[in-house]
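Here is the structure we will look at, set down as structure tokens.
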Amino acid sequence: MGLLTPASRWGLLIGIGLPTFFLGIIMLIFDAQGKEIQQTTLAGIAAISAIPNLLFFFWALRKNKDTTAYGILLGCILWALFTFGIKFFE
């Protein structure tokens with residue numbers, strides 16, 4: 001048996017994929033406007049882009065999909081470590 005069940009893998013995919021998608025969209029908007037993103041701004045945007053995970057986390061808990069909520073929470077923790085790495089190595 002693996003570490004993650006298929007439901008928690010979907011949660012992990014949502015937990016990491018959703019903030020990555022929002023961060024990519026925001027970076028495309030900044031690029032289209034011709035603005036540069038500073039390192040501190042990037043860390044702040046990366047942190048804020050994880051907020052929609054909160055909605056999916058509580059949705060999974062409300063639907064009694066605990067393993068999916070576990071995966072989303074794991075993805076949020078990994079995203080927080082990524083954000084901390086951006087902030088720490090600026």
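Residue numbering restarts at 1 in every chain; chains get A, B, ... in the order shown in the structure tokens, and ligands count up from 1 in that same order.
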Sorted per-residue table, stretch 49-68 of chain A near stretch 74-88 of chain A, closest atoms and distance, 9 Å, only C-alpha atoms, as JSON lines:
```
{"residue": "A:Ala50", "atom": "CA", "partner": "A:Cys76", "partner_atom": "CA", "distance": 7.0}
{"residue": "A:Asn53", "atom": "CA", "partner": "A:Cys76", "partner_atom": "CA", "distance": 7.3}
{"residue": "A:Leu54", "atom": "CA", "partner": "A:Cys76", "partner_atom": "CA", "distance": 8.9}
```
Those same residues, written as a PDB file, in the first residue's frame with C-alpha atoms?
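Here's the written file result_37.pdb:
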```pdb
ATOM      1  CA  ALA A  50      -3.301  29.557  -1.545  1.00  0.00           C
ATOM      2  CA  ASN A  53      -7.605  26.011  -1.068  1.00  0.00           C
ATOM      3  CA  LEU A  54      -9.509  26.981   2.056  1.00  0.00           C
TER       4      LEU A  54
END
```
Extract, using only C-alpha atoms, all DNA, RNA and protein residues at most 12 Å from A:Leu73, discarding same-chain residues fewer than 3 positions from it, and format them as an mmCIF file with N, CA and C atoms, in the first residue's frame.
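Here's the written file out32.cif:
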```
data_model
loop_
_atom_site.group_PDB
_atom_site.id
_atom_site.type_symbol
_atom_site.label_atom_id
_atom_site.label_comp_id
_atom_site.auth_asym_id
_atom_site.auth_seq_id
_atom_site.Cartn_x
_atom_site.Cartn_y
_atom_site.Cartn_z
ATOM 1 N N SER A 8 -6.811 11.116 -1.549
ATOM 2 C CA SER A 8 -5.859 12.083 -1.007
ATOM 3 C C SER A 8 -4.886 12.568 -2.081
ATOM 4 N N ARG A 9 -4.642 11.749 -3.111
ATOM 5 C CA ARG A 9 -3.831 12.218 -4.238
ATOM 6 C C ARG A 9 -4.551 13.328 -4.988
ATOM 7 N N TRP A 10 -5.863 13.191 -5.167
ATOM 8 C CA TRP A 10 -6.636 14.257 -5.796
ATOM 9 C C TRP A 10 -6.591 15.516 -4.940
ATOM 10 N N GLY A 11 -6.687 15.356 -3.646
ATOM 11 C CA GLY A 11 -6.599 16.501 -2.748
ATOM 12 C C GLY A 11 -5.247 17.176 -2.831
ATOM 13 N N LEU A 12 -4.193 16.374 -2.917
ATOM 14 C CA LEU A 12 -2.843 16.931 -3.048
ATOM 15 C C LEU A 12 -2.699 17.670 -4.372
ATOM 16 N N LEU A 13 -3.283 17.118 -5.413
ATOM 17 C CA LEU A 13 -3.244 17.784 -6.716
ATOM 18 C C LEU A 13 -3.974 19.118 -6.664
ATOM 19 N N ILE A 14 -5.116 19.159 -5.991
ATOM 20 C CA ILE A 14 -5.846 20.421 -5.827
ATOM 21 C C ILE A 14 -5.043 21.375 -4.951
ATOM 22 N N GLY A 15 -4.453 20.854 -3.869
ATOM 23 C CA GLY A 15 -3.724 21.685 -2.918
ATOM 24 C C GLY A 15 -2.492 22.342 -3.491
ATOM 25 N N ILE A 16 -1.862 21.713 -4.460
ATOM 26 C CA ILE A 16 -0.680 22.305 -5.082
ATOM 27 C C ILE A 16 -1.028 22.949 -6.422
ATOM 28 N N ALA A 50 -2.878 30.796 -2.210
ATOM 29 C CA ALA A 50 -3.301 29.557 -1.545
ATOM 30 C C ALA A 50 -4.648 29.695 -0.844
ATOM 31 N N ILE A 51 -5.220 30.882 -0.804
ATOM 32 C CA ILE A 51 -6.493 31.094 -0.116
ATOM 33 C C ILE A 51 -7.644 30.274 -0.703
ATOM 34 N N ASN A 53 -7.667 27.365 -1.633
ATOM 35 C CA ASN A 53 -7.605 26.011 -1.068
ATOM 36 C C ASN A 53 -8.494 25.887 0.168
ATOM 37 N N LEU A 54 -8.659 26.981 0.867
ATOM 38 C CA LEU A 54 -9.509 26.981 2.056
ATOM 39 C C LEU A 54 -10.944 26.584 1.708
ATOM 40 N N LEU A 55 -11.434 27.114 0.588
ATOM 41 C CA LEU A 55 -12.784 26.767 0.150
ATOM 42 C C LEU A 55 -12.910 25.282 -0.159
ATOM 43 N N PHE A 56 -11.931 24.737 -0.888
ATOM 44 C CA PHE A 56 -11.974 23.318 -1.229
ATOM 45 C C PHE A 56 -11.785 22.436 -0.008
ATOM 46 N N PHE A 57 -10.982 22.883 0.942
ATOM 47 C CA PHE A 57 -10.771 22.113 2.172
ATOM 48 C C PHE A 57 -12.075 21.988 2.958
ATOM 49 N N PHE A 58 -12.754 23.111 3.165
ATOM 50 C CA PHE A 58 -14.006 23.057 3.916
ATOM 51 C C PHE A 58 -15.120 22.372 3.132
ATOM 52 N N ALA A 60 -14.603 19.771 1.166
ATOM 53 C CA ALA A 60 -14.320 18.349 1.354
ATOM 54 C C ALA A 60 -14.731 17.887 2.747
ATOM 55 N N LEU A 61 -14.527 18.710 3.751
ATOM 56 C CA LEU A 61 -14.959 18.339 5.097
ATOM 57 C C LEU A 61 -16.476 18.282 5.204
ATOM 58 N N ASP A 66 -12.893 13.046 4.053
ATOM 59 C CA ASP A 66 -11.774 13.368 4.938
ATOM 60 C C ASP A 66 -10.427 13.128 4.273
ATOM 61 N N THR A 67 -10.303 12.088 3.455
ATOM 62 C CA THR A 67 -9.007 11.820 2.834
ATOM 63 C C THR A 67 -8.679 12.875 1.785
ATOM 64 N N THR A 68 -9.689 13.386 1.093
ATOM 65 C CA THR A 68 -9.448 14.480 0.158
ATOM 66 C C THR A 68 -9.029 15.738 0.911
ATOM 67 N N ALA A 69 -9.680 16.005 2.027
ATOM 68 C CA ALA A 69 -9.311 17.160 2.849
ATOM 69 C C ALA A 69 -7.883 17.011 3.374
ATOM 70 N N TYR A 70 -7.494 15.778 3.704
ATOM 71 C CA TYR A 70 -6.122 15.516 4.133
ATOM 72 C C TYR A 70 -5.131 15.854 3.020
ATOM 73 N N CYS A 76 -1.391 22.320 1.014
ATOM 74 C CA CYS A 76 -1.232 23.654 1.609
ATOM 75 C C CYS A 76 0.057 23.749 2.410
ATOM 76 N N ILE A 77 0.392 22.691 3.112
ATOM 77 C CA ILE A 77 1.637 22.688 3.886
ATOM 78 C C ILE A 77 2.843 22.751 2.951
ATOM 79 N N LEU A 78 2.808 21.988 1.862
ATOM 80 C CA LEU A 78 3.905 22.035 0.897
ATOM 81 C C LEU A 78 3.994 23.405 0.229
ATOM 82 N N TRP A 79 2.840 24.008 -0.063
ATOM 83 C CA TRP A 79 2.833 25.346 -0.662
ATOM 84 C C TRP A 79 3.382 26.375 0.324
ATOM 85 N N ALA A 80 3.082 26.215 1.601
ATOM 86 C CA ALA A 80 3.609 27.126 2.613
ATOM 87 C C ALA A 80 5.132 26.996 2.703
#
```
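Counting from atom CA of A:Thr40, the distance to atom CA of A:Gly71 is 28.1 Å.
Around A:Ala46, within 8 Å and counting only C-alpha atoms, the residues found are Pro19, Leu23, Leu42, Ala43, Gly44, Ile48, Ser49, Ala50 and Thr83 of chain A, once anything fewer than 2 positions away on its own chain is removed.
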What would the file look like if the residues just selected were written as an mmCIF file, in the first residue's frame with N, CA and C atoms?
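The result, stored in selection.cif:
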```cif
data_model
loop_
_atom_site.group_PDB
_atom_site.id
_atom_site.type_symbol
_atom_site.label_atom_id
_atom_site.label_comp_id
_atom_site.auth_asym_id
_atom_site.auth_seq_id
_atom_site.Cartn_x
_atom_site.Cartn_y
_atom_site.Cartn_z
ATOM 1 N N PRO A 19 -3.086 26.756 -6.332
ATOM 2 C CA PRO A 19 -2.249 27.961 -6.135
ATOM 3 C C PRO A 19 -1.261 28.179 -7.278
ATOM 4 N N LEU A 23 -1.074 31.556 -9.364
ATOM 5 C CA LEU A 23 0.206 32.266 -9.440
ATOM 6 C C LEU A 23 0.614 32.469 -10.896
ATOM 7 N N LEU A 42 6.524 38.639 -5.029
ATOM 8 C CA LEU A 42 6.263 37.260 -5.452
ATOM 9 C C LEU A 42 5.922 36.376 -4.264
ATOM 10 N N ALA A 43 6.612 36.558 -3.154
ATOM 11 C CA ALA A 43 6.311 35.764 -1.960
ATOM 12 C C ALA A 43 4.915 36.079 -1.427
ATOM 13 N N GLY A 44 4.533 37.331 -1.448
ATOM 14 C CA GLY A 44 3.202 37.713 -0.992
ATOM 15 C C GLY A 44 2.111 37.174 -1.898
ATOM 16 N N ILE A 48 -0.907 34.503 -0.950
ATOM 17 C CA ILE A 48 -2.322 34.813 -1.142
ATOM 18 C C ILE A 48 -2.983 33.843 -2.117
ATOM 19 N N SER A 49 -2.233 33.305 -3.059
ATOM 20 C CA SER A 49 -2.828 32.407 -4.048
ATOM 21 C C SER A 49 -3.262 31.071 -3.439
ATOM 22 N N ALA A 50 -2.878 30.796 -2.210
ATOM 23 C CA ALA A 50 -3.301 29.557 -1.545
ATOM 24 C C ALA A 50 -4.648 29.695 -0.844
ATOM 25 N N THR A 83 6.500 28.867 -0.252
ATOM 26 C CA THR A 83 6.426 30.305 -0.011
ATOM 27 C C THR A 83 7.503 30.750 0.977
#
```
Q) Looking only at the backbone, which of the residues in stretch 33-74 of chain A does DSSP tag as helix (DSSP H, G or I), as a PyMOL selection string? A) chain A and resi 39-48+52-62+66-74
Please save N, CA and C atoms of the selected residues as a short mmCIF file (atom, residue, chain, number, x, y, z; two decimals), in the first residue's frame.
```cif
data_model
loop_
_atom_site.label_atom_id
_atom_site.label_comp_id
_atom_site.auth_asym_id
_atom_site.auth_seq_id
_atom_site.Cartn_x
_atom_site.Cartn_y
_atom_site.Cartn_z
N GLN A 39 10.96 40.26 -5.70
CA GLN A 39 11.01 39.02 -4.93
C GLN A 39 10.04 39.03 -3.75
N THR A 40 9.95 40.15 -3.05
CA THR A 40 9.04 40.22 -1.90
C THR A 40 7.58 40.19 -2.35
N THR A 41 7.31 40.80 -3.49
CA THR A 41 5.95 40.77 -4.02
C THR A 41 5.58 39.36 -4.44
N LEU A 42 6.52 38.64 -5.03
CA LEU A 42 6.26 37.26 -5.45
C LEU A 42 5.92 36.38 -4.26
N ALA A 43 6.61 36.56 -3.15
CA ALA A 43 6.31 35.76 -1.96
C ALA A 43 4.92 36.08 -1.43
N GLY A 44 4.53 37.33 -1.45
CA GLY A 44 3.20 37.71 -0.99
C GLY A 44 2.11 37.17 -1.90
N ILE A 45 2.34 37.26 -3.21
CA ILE A 45 1.36 36.74 -4.16
C ILE A 45 1.24 35.22 -4.03
N ALA A 46 2.36 34.54 -3.82
CA ALA A 46 2.33 33.09 -3.65
C ALA A 46 1.56 32.70 -2.39
N ALA A 47 1.69 33.49 -1.35
CA ALA A 47 0.95 33.19 -0.11
C ALA A 47 -0.54 33.42 -0.29
N ILE A 48 -0.91 34.50 -0.95
CA ILE A 48 -2.32 34.81 -1.14
C ILE A 48 -2.98 33.84 -2.12
N PRO A 52 -7.75 30.12 -2.04
CA PRO A 52 -8.85 29.29 -2.55
C PRO A 52 -8.82 27.84 -2.08
N ASN A 53 -7.67 27.37 -1.63
CA ASN A 53 -7.61 26.01 -1.07
C ASN A 53 -8.49 25.89 0.17
N LEU A 54 -8.66 26.98 0.87
CA LEU A 54 -9.51 26.98 2.06
C LEU A 54 -10.94 26.58 1.71
N LEU A 55 -11.43 27.11 0.59
CA LEU A 55 -12.78 26.77 0.15
C LEU A 55 -12.91 25.28 -0.16
N PHE A 56 -11.93 24.74 -0.89
CA PHE A 56 -11.97 23.32 -1.23
C PHE A 56 -11.79 22.44 -0.01
N PHE A 57 -10.98 22.88 0.94
CA PHE A 57 -10.77 22.11 2.17
C PHE A 57 -12.07 21.99 2.96
N PHE A 58 -12.75 23.11 3.16
CA PHE A 58 -14.01 23.06 3.92
C PHE A 58 -15.12 22.37 3.13
N TRP A 59 -15.08 22.47 1.80
CA TRP A 59 -16.05 21.73 0.98
C TRP A 59 -15.86 20.23 1.17
N ALA A 60 -14.60 19.77 1.17
CA ALA A 60 -14.32 18.35 1.35
C ALA A 60 -14.73 17.89 2.75
N LEU A 61 -14.53 18.71 3.75
CA LEU A 61 -14.96 18.34 5.10
C LEU A 61 -16.48 18.28 5.20
N ARG A 62 -17.16 19.22 4.55
CA ARG A 62 -18.62 19.24 4.61
C ARG A 62 -19.22 18.02 3.91
N ASP A 66 -12.89 13.05 4.05
CA ASP A 66 -11.77 13.37 4.94
C ASP A 66 -10.43 13.13 4.27
N THR A 67 -10.30 12.09 3.46
CA THR A 67 -9.01 11.82 2.83
C THR A 67 -8.68 12.88 1.78
N THR A 68 -9.69 13.39 1.09
CA THR A 68 -9.45 14.48 0.16
C THR A 68 -9.03 15.74 0.91
N ALA A 69 -9.68 16.00 2.03
CA ALA A 69 -9.31 17.16 2.85
C ALA A 69 -7.88 17.01 3.37
N TYR A 70 -7.49 15.78 3.70
CA TYR A 70 -6.12 15.52 4.13
C TYR A 70 -5.13 15.85 3.02
N GLY A 71 -5.45 15.48 1.80
CA GLY A 71 -4.57 15.78 0.67
C GLY A 71 -4.47 17.27 0.41
N ILE A 72 -5.60 17.98 0.53
CA ILE A 72 -5.59 19.43 0.34
C ILE A 72 -4.75 20.10 1.42
N LEU A 73 -4.89 19.62 2.64
CA LEU A 73 -4.10 20.17 3.74
C LEU A 73 -2.61 19.90 3.53
N LEU A 74 -2.28 18.72 3.05
CA LEU A 74 -0.88 18.39 2.76
C LEU A 74 -0.34 19.30 1.65
#
```
Q.
Report, in Å with one decimal, the straight-line distance from atom CA of A:Phe89 to atom CA of A:Glu36.
A. 18.4 Å
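We find atom CA of A:Gly24 and atom CA of A:Leu3 to be spaced 29.1 Å apart.
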